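Shown next: structure_18.tsv, containing TSV, C-alpha atoms.
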```tsv
chain	number	residue	atom	x	y	z
A	21	MET	CA	24.80	-27.73	-2.81
A	22	SER	CA	21.36	-26.24	-2.18
A	23	VAL	CA	19.11	-28.32	0.08
A	24	THR	CA	15.99	-27.49	2.07
A	25	LEU	CA	14.57	-29.24	5.13
A	26	ASP	CA	11.00	-28.87	6.37
A	27	ILE	CA	8.54	-30.45	8.82
A	28	ARG	CA	4.90	-30.72	7.73
A	29	LEU	CA	2.17	-31.94	10.06
A	30	LYS	CA	-0.88	-33.77	8.79
A	31	ARG	CA	-3.23	-31.47	10.66
A	32	ALA	CA	-3.44	-28.00	9.20
A	33	ASN	CA	-4.34	-26.40	12.56
A	34	LYS	CA	-1.49	-28.25	14.34
A	35	VAL	CA	-3.75	-28.91	17.36
A	36	TYR	CA	-3.35	-32.16	19.32
A	37	ARG	CA	-4.53	-33.64	22.61
A	38	GLU	CA	-2.78	-35.96	25.03
A	39	GLY	CA	-2.97	-39.56	23.85
A	40	GLU	CA	-3.10	-38.66	20.16
A	41	ALA	CA	-0.29	-39.14	17.64
A	42	VAL	CA	1.58	-36.18	16.21
A	43	ALA	CA	2.08	-37.30	12.62
A	44	GLY	CA	3.50	-35.76	9.48
A	45	VAL	CA	6.39	-35.91	7.04
A	46	ILE	CA	9.92	-34.58	6.87
A	47	VAL	CA	10.46	-32.99	3.45
A	48	LEU	CA	13.91	-32.86	1.89
A	49	ALA	CA	14.50	-31.14	-1.44
A	50	CYS	CA	17.83	-31.06	-3.30
A	51	LYS	CA	18.85	-30.94	-6.95
A	52	GLU	CA	21.52	-33.66	-6.67
A	53	PRO	CA	21.96	-36.75	-4.45
A	54	LEU	CA	22.87	-35.73	-0.91
A	55	GLN	CA	25.17	-37.56	1.50
A	56	HIS	CA	24.32	-37.31	5.23
A	57	HIS	CA	25.33	-38.83	8.56
A	58	GLY	CA	21.86	-39.44	9.93
A	59	ILE	CA	18.51	-37.70	10.38
A	60	SER	CA	16.83	-37.46	13.80
A	61	LEU	CA	13.56	-36.00	15.06
A	62	SER	CA	12.87	-34.87	18.61
A	63	MET	CA	9.73	-33.74	20.43
A	64	GLU	CA	9.90	-31.35	23.37
A	65	GLY	CA	7.43	-29.63	25.65
A	66	VAL	CA	8.69	-27.07	28.14
A	67	VAL	CA	7.43	-24.38	30.48
A	68	ASN	CA	9.62	-21.27	30.43
A	69	LEU	CA	9.23	-18.94	33.39
A	70	GLN	CA	10.39	-15.34	33.68
A	71	LEU	CA	10.53	-13.62	37.05
A	72	SER	CA	8.14	-10.71	37.46
A	73	SER	CA	9.58	-7.30	38.30
A	74	LYS	CA	6.71	-6.85	40.78
A	75	SER	CA	8.07	-9.62	42.97
A	76	VAL	CA	11.87	-9.35	42.58
A	77	GLY	CA	12.57	-5.94	41.08
A	78	VAL	CA	13.22	-4.75	37.53
A	79	PHE	CA	16.99	-5.42	37.56
A	80	GLU	CA	16.70	-8.97	38.91
A	81	ALA	CA	13.83	-9.83	36.57
A	82	PHE	CA	15.84	-8.69	33.54
A	83	TYR	CA	18.82	-10.91	34.29
A	84	ASN	CA	17.15	-13.86	35.96
A	85	SER	CA	14.80	-16.53	34.78
A	86	VAL	CA	13.62	-19.73	36.41
A	87	LYS	CA	14.95	-23.05	35.13
A	88	PRO	CA	12.63	-24.39	32.38
A	89	ILE	CA	10.25	-27.19	33.38
A	90	GLN	CA	10.35	-30.10	30.96
A	91	LEU	CA	6.97	-31.71	30.31
A	92	ILE	CA	7.84	-34.12	27.53
A	93	SER	CA	11.01	-35.11	25.69
A	94	SER	CA	11.56	-37.92	23.19
A	95	ASN	CA	13.76	-38.61	20.19
A	96	ILE	CA	13.65	-40.98	17.22
A	97	GLU	CA	16.07	-41.79	14.41
A	98	VAL	CA	14.35	-41.04	11.13
A	99	ALA	CA	17.09	-42.24	8.80
A	100	LYS	CA	20.52	-43.77	9.28
A	101	ALA	CA	23.61	-42.37	7.56
A	102	GLY	CA	23.33	-42.69	3.80
A	103	LYS	CA	22.41	-40.84	0.64
A	104	ILE	CA	19.20	-39.02	-0.33
A	105	PRO	CA	18.35	-38.98	-4.04
A	106	GLY	CA	17.99	-35.73	-5.90
A	107	GLY	CA	14.55	-34.14	-6.05
A	108	LYS	CA	11.90	-34.17	-3.31
A	109	THR	CA	11.94	-36.82	-0.58
A	110	GLU	CA	9.23	-37.23	2.08
A	111	ILE	CA	9.90	-39.28	5.21
A	112	PRO	CA	6.78	-40.02	7.32
A	113	PHE	CA	6.90	-39.92	11.13
A	114	GLU	CA	4.56	-40.40	14.06
A	115	PHE	CA	5.07	-39.37	17.68
A	116	PRO	CA	2.72	-40.53	20.47
A	117	LEU	CA	1.83	-37.59	22.69
A	118	HIS	CA	2.32	-39.20	26.10
A	119	THR	CA	4.06	-38.08	29.28
A	120	LYS	CA	6.29	-40.18	31.48
A	121	GLY	CA	5.63	-40.73	35.16
A	122	ASN	CA	3.27	-38.32	36.89
A	123	LYS	CA	3.94	-35.34	34.61
A	124	VAL	CA	1.02	-33.44	33.10
A	125	LEU	CA	0.70	-31.88	29.66
A	126	TYR	CA	-0.48	-28.32	30.15
A	127	GLU	CA	-2.27	-26.46	27.41
A	128	THR	CA	-0.16	-24.34	25.05
A	129	TYR	CA	0.08	-20.81	26.40
A	130	HIS	CA	2.09	-17.79	25.23
A	131	GLY	CA	2.27	-15.32	28.10
A	132	VAL	CA	4.57	-12.64	29.41
A	133	PHE	CA	6.03	-14.46	32.42
A	134	VAL	CA	4.82	-17.99	31.60
A	135	ASN	CA	5.30	-19.67	28.24
A	136	ILE	CA	4.15	-23.26	27.61
A	137	GLN	CA	5.37	-24.48	24.24
A	138	TYR	CA	5.57	-27.76	22.33
A	139	SER	CA	7.78	-28.27	19.30
A	140	LEU	CA	9.38	-30.74	16.91
A	141	ARG	CA	13.00	-30.42	15.82
A	142	CYS	CA	14.57	-32.24	12.89
A	143	ASP	CA	18.37	-32.45	12.59
A	144	MET	CA	20.33	-33.74	9.63
A	145	ARG	CA	24.01	-34.31	10.33
A	146	ARG	CA	26.43	-33.74	7.49
A	147	SER	CA	30.19	-33.87	6.90
A	148	LEU	CA	32.58	-31.36	8.43
A	149	LEU	CA	32.76	-29.42	5.19
A	150	ALA	CA	28.95	-29.05	5.01
A	151	LYS	CA	26.79	-27.33	7.61
A	152	ASP	CA	24.30	-29.43	9.58
A	153	LEU	CA	20.65	-28.68	8.84
A	154	SER	CA	17.90	-28.24	11.43
A	155	ARG	CA	14.24	-27.25	11.39
A	156	ASN	CA	11.78	-26.44	14.18
A	157	CYS	CA	7.99	-26.71	14.07
A	158	GLU	CA	5.66	-25.70	16.89
A	159	PHE	CA	2.44	-27.61	17.47
A	160	ILE	CA	-0.44	-26.78	19.80
A	161	VAL	CA	-1.68	-28.87	22.73
A	162	HIS	CA	-5.26	-28.49	23.95
A	163	CYS	CA	-6.70	-30.08	27.05
A	164	GLN	CA	-9.26	-32.84	26.75
A	165	PRO	CA	-12.84	-31.47	26.59
A	166	GLN	CA	-14.44	-31.19	30.00
A	167	LYS	CA	-17.01	-33.94	30.48
A	168	ALA	CA	-18.79	-32.56	33.53
A	169	LYS	CA	-21.00	-29.59	32.82
A	170	VAL	CA	-20.36	-26.50	34.93
A	171	ALA	CA	-23.49	-24.87	36.28
A	172	PRO	CA	-23.53	-21.20	35.19
A	173	THR	CA	-23.17	-18.67	37.99
A	174	PRO	CA	-24.42	-15.30	36.67
A	175	VAL	CA	-23.10	-12.16	38.31
A	176	ASN	CA	-24.40	-8.59	38.16
A	177	PHE	CA	-22.06	-5.62	38.22
A	178	THR	CA	-22.32	-1.86	38.65
A	179	ILE	CA	-19.64	0.65	37.63
A	180	THR	CA	-19.59	4.18	39.05
A	181	PRO	CA	-16.76	6.61	39.90
A	182	ASP	CA	-16.83	5.22	43.45
A	183	THR	CA	-16.18	1.63	42.32
A	184	LEU	CA	-13.09	2.48	40.24
A	185	GLU	CA	-9.72	1.40	41.59
A	186	ASN	CA	-6.29	3.04	41.23
A	187	THR	CA	-7.89	6.46	40.74
A	188	ARG	CA	-6.09	9.42	42.28
A	189	GLU	CA	-8.41	12.34	41.54
A	190	ARG	CA	-11.76	10.65	42.07
A	191	SER	CA	-13.50	13.96	42.70
A	192	LEU	CA	-12.61	15.15	39.19
A	193	LEU	CA	-14.33	12.24	37.46
A	194	PRO	CA	-17.71	12.91	35.83
A	195	LYS	CA	-20.69	11.10	37.28
A	196	PHE	CA	-21.86	8.00	35.40
A	197	LEU	CA	-23.67	4.74	36.02
A	198	ILE	CA	-23.09	1.51	34.12
A	199	ARG	CA	-24.93	-1.70	34.96
A	200	GLY	CA	-24.65	-5.14	33.47
A	201	HIS	CA	-24.26	-8.82	34.04
A	202	LEU	CA	-22.07	-11.76	32.99
A	203	ASP	CA	-23.83	-15.02	32.22
A	204	ALA	CA	-21.15	-17.03	34.05
A	205	THR	CA	-18.02	-16.45	36.09
A	206	HIS	CA	-16.65	-19.95	35.37
A	207	CYS	CA	-16.33	-20.37	31.61
A	208	VAL	CA	-15.35	-23.24	29.36
A	209	ILE	CA	-12.40	-21.85	27.40
A	210	SER	CA	-13.80	-23.09	24.10
A	211	GLN	CA	-17.01	-21.12	24.68
A	212	PRO	CA	-17.34	-17.31	24.54
A	213	LEU	CA	-17.79	-15.04	27.53
A	214	THR	CA	-21.27	-13.53	27.27
A	215	GLY	CA	-23.48	-11.03	29.07
A	216	GLU	CA	-24.87	-7.51	28.75
A	217	VAL	CA	-23.87	-3.98	29.69
A	218	VAL	CA	-26.14	-0.93	29.95
A	219	LEU	CA	-25.08	2.72	30.18
A	220	GLU	CA	-27.77	4.16	32.45
A	221	ASN	CA	-26.54	7.76	32.55
A	222	SER	CA	-23.45	9.93	32.24
A	223	ASP	CA	-22.70	13.62	32.73
A	224	VAL	CA	-20.42	13.60	29.68
A	225	PRO	CA	-20.63	11.80	26.32
A	226	ILE	CA	-19.04	8.31	26.25
A	227	LYS	CA	-17.57	7.57	22.83
A	228	SER	CA	-16.95	3.87	23.34
A	229	ILE	CA	-17.05	1.01	25.86
A	230	GLU	CA	-14.36	-1.63	25.74
A	231	LEU	CA	-13.97	-5.09	27.24
A	232	GLN	CA	-10.48	-6.09	28.34
A	233	LEU	CA	-9.30	-9.59	29.11
A	234	VAL	CA	-7.03	-9.06	32.10
A	235	ARG	CA	-3.87	-11.03	31.59
A	236	VAL	CA	-1.75	-8.65	29.65
A	237	GLU	CA	-3.00	-8.53	26.10
A	238	THR	CA	-6.15	-8.25	24.08
A	239	CYS	CA	-8.75	-5.58	24.02
A	240	GLY	CA	-12.03	-5.95	22.18
A	241	GLU	CA	-14.39	-3.07	21.59
A	242	LEU	CA	-18.01	-3.53	22.64
A	243	CYS	CA	-19.52	-0.44	21.06
A	244	ARG	CA	-18.74	2.97	19.61
A	245	GLY	CA	-20.84	6.05	19.12
A	246	LEU	CA	-20.15	9.10	16.98
A	247	ARG	CA	-20.69	11.35	19.97
A	248	ASP	CA	-22.23	9.33	22.77
A	249	VAL	CA	-23.14	5.70	23.48
A	250	CYS	CA	-26.92	5.26	23.71
A	251	HIS	CA	-28.21	5.39	27.27
A	252	GLY	CA	-30.50	2.66	28.60
A	253	LEU	CA	-29.71	0.27	25.72
A	254	SER	CA	-28.66	-3.32	26.51
A	255	ILE	CA	-25.37	-4.00	24.72
A	256	PRO	CA	-24.46	-7.69	24.36
A	257	ILE	CA	-21.09	-8.92	25.63
A	258	TYR	CA	-19.47	-11.58	23.46
A	259	MET	CA	-15.76	-12.35	23.76
A	260	VAL	CA	-14.05	-15.39	22.24
A	261	PHE	CA	-10.99	-16.43	24.25
A	262	PRO	CA	-7.79	-16.29	22.12
A	263	ARG	CA	-6.42	-19.80	22.63
A	264	LEU	CA	-2.69	-19.12	22.26
A	265	PHE	CA	-2.86	-16.28	24.78
A	266	THR	CA	-5.31	-17.82	27.23
A	267	CYS	CA	-5.54	-21.27	28.76
A	268	PRO	CA	-7.69	-22.99	31.39
A	269	THR	CA	-6.99	-21.68	34.88
A	270	LEU	CA	-3.81	-23.44	35.94
A	271	GLU	CA	-2.11	-23.73	39.33
A	272	THR	CA	1.05	-25.74	39.97
A	273	THR	CA	3.79	-25.66	42.59
A	274	ASN	CA	5.93	-23.51	40.28
A	275	PHE	CA	3.52	-21.13	38.56
A	276	LYS	CA	-0.07	-20.00	38.16
A	277	VAL	CA	-2.06	-18.83	35.16
A	278	GLY	CA	-5.46	-17.18	35.52
A	279	GLN	CA	-7.67	-14.77	33.66
```

Whole structure given in structure tokens:
Amino acid sequence: MSVTLDIRLKRANKVYREGEAVAGVIVLACKEPLQHHGISLSMEGVVNLQLSSKSVGVFEAFYNSVKPIQLISSNIEVAKAGKIPGGKTEIPFEFPLHTKGNKVLYETYHGVFVNIQYSLRCDMRRSLLAKDLSRNCEFIVHCQPQKAKVAPTPVNFTITPDTLENTRERSLLPKFLIRGHLDATHCVISQPLTGEVVLENSDVPIKSIELQLVRVETCGELCRGLRDVCHGLSIPIYMVFPRLFTCPTLETTNFKVGQ
């Protein structure tokens, strides 16, 4: 017998904050009445950590991972054993997003060595002759908006061949001078990183200037020229932080996340 199981949240963006209720419906669709042995729904939030090869070596990092840290775990019975009528059935649910004890809900973050993830799982138990059904649905947790305003701390920067790091043949680099500034070094994650960059001079044409968010991923291009970026022109810096791949600076006893 063909049957489908799905979890649909009320919020299209699936974004929630601590203290709110994660609400939605469980959708069951079958052509004929369906017998089951109970339907349950669980909520889980975990931090999965992977050892870095820089600290323990490539071989150890490949085969070892740190025990997951559980942030939240709860379970409810959606329906007792019985029969579901043929057609489409929607069962509403609501989960309060609260932690127990002194645990903290960290913001959702998908990284390379740190992964903070929240999900719902629905399980429908069936007879031995029929396979149990299950469905997972990830939702996103954002931190509460910061009430206190952070005073901007602008910073100026200069880039020349002498300021570059991890450069072996420094003497072979062409001479250039790039100046600029960032409007703030402490940023609210919901606001863009802004500033300006100016190419003062260069011995060779510069085809493009790129801005990289140092974590692992994401590279956004600031400007591109057909042959050479204009010299002496103020180029605005504007980078929106990708929320799934960045989170507020976080430091715990087990892991750290920073940009």

Quiz prompt | Between atom CA of Cys163 of chain A and atom CA of Asn33 of chain A, distance in Å (one decimal) | solution =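 Going from atom CA of Cys163 of chain A over to atom CA of Asn33 of chain A, I get 15.1 Å.
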
Quiz item: From the list A:Glu64, A:Glu52, A:Glu158, A:Glu230, which residue is nearest Gly107 of chain A when using only C-alpha atoms?
Solution: A:Glu52

Self-check item: Coordinates-based distance that separates atom CA of Lys120 of chain A from atom CA of Val45 of chain A (Å, one decimal)
Solution: 24.8 Å

Quiz item: Quick one: of A:Asn68, A:Ser222, A:Gln232, A:Thr266, who's nearest to Thr180 of chain A, counting all atoms listed in the file?
Solution: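 Answer, going by the shortest atom-to-atom distance: A:Ser222.
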
Got a sec: who's within 12 Å of Arg31 of chain A, counting all atoms listed in the file, leaving out chain neighbours fewer than 4 positions off, as a PDB file with C-alpha atoms, in the coordinates of the input?
```
ATOM      1  CA  ILE A  27       8.540 -30.450   8.820  1.00  0.00           C
ATOM      2  CA  VAL A  35      -3.750 -28.910  17.360  1.00  0.00           C
ATOM      3  CA  TYR A  36      -3.350 -32.160  19.320  1.00  0.00           C
ATOM      4  CA  GLU A  40      -3.100 -38.660  20.160  1.00  0.00           C
ATOM      5  CA  ALA A  41      -0.290 -39.140  17.640  1.00  0.00           C
ATOM      6  CA  VAL A  42       1.580 -36.180  16.210  1.00  0.00           C
ATOM      7  CA  ALA A  43       2.080 -37.300  12.620  1.00  0.00           C
ATOM      8  CA  GLY A  44       3.500 -35.760   9.480  1.00  0.00           C
ATOM      9  CA  VAL A  45       6.390 -35.910   7.040  1.00  0.00           C
ATOM     10  CA  PHE A 159       2.440 -27.610  17.470  1.00  0.00           C
ATOM     11  CA  ILE A 160      -0.440 -26.780  19.800  1.00  0.00           C
TER      12      ILE A 160
END
```

Practice problem: May I ask which of the residues A:Gln164, A:Gln70, A:Ser62, A:Asn135 is the closest one to Ser210 of chain A, counting all atoms listed in the file? | Solution: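 Checking each of A:Gln164, A:Gln70, A:Ser62, A:Asn135 against Ser210 of chain A, counting all atoms listed in the file, the winner is A:Gln164.
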
Quiz prompt | Proximity to Val67 of chain A - best of A:Gly102, A:Pro256, A:Gly131, A:Pro268, only C-alpha atoms | solution =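 For Val67 of chain A, the nearest of the candidates is A:Gly131.
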
At most 6 Å is the cut-off: for each residue in segment 122-164 of chain A with any atom that close to an atom of segment 54-61 of chain A, write down the nearest atom pair and the distance in Å rounded to one decimal, counting all atoms listed in the file, chain first then increasing number, as a tab-separated table.
```
residue	atom	partner	partner_atom	distance
A:Arg141	CA	A:Leu61	CA	5.7
A:Cys142	CA	A:Leu61	CA	4.5
A:Asp143	CA	A:Ser60	CA	5.4
A:Met144	CA	A:Ile59	CA	4.4
A:Arg145	CA	A:His57	CA	5.0
A:Arg146	CA	A:His56	CA	4.7
```
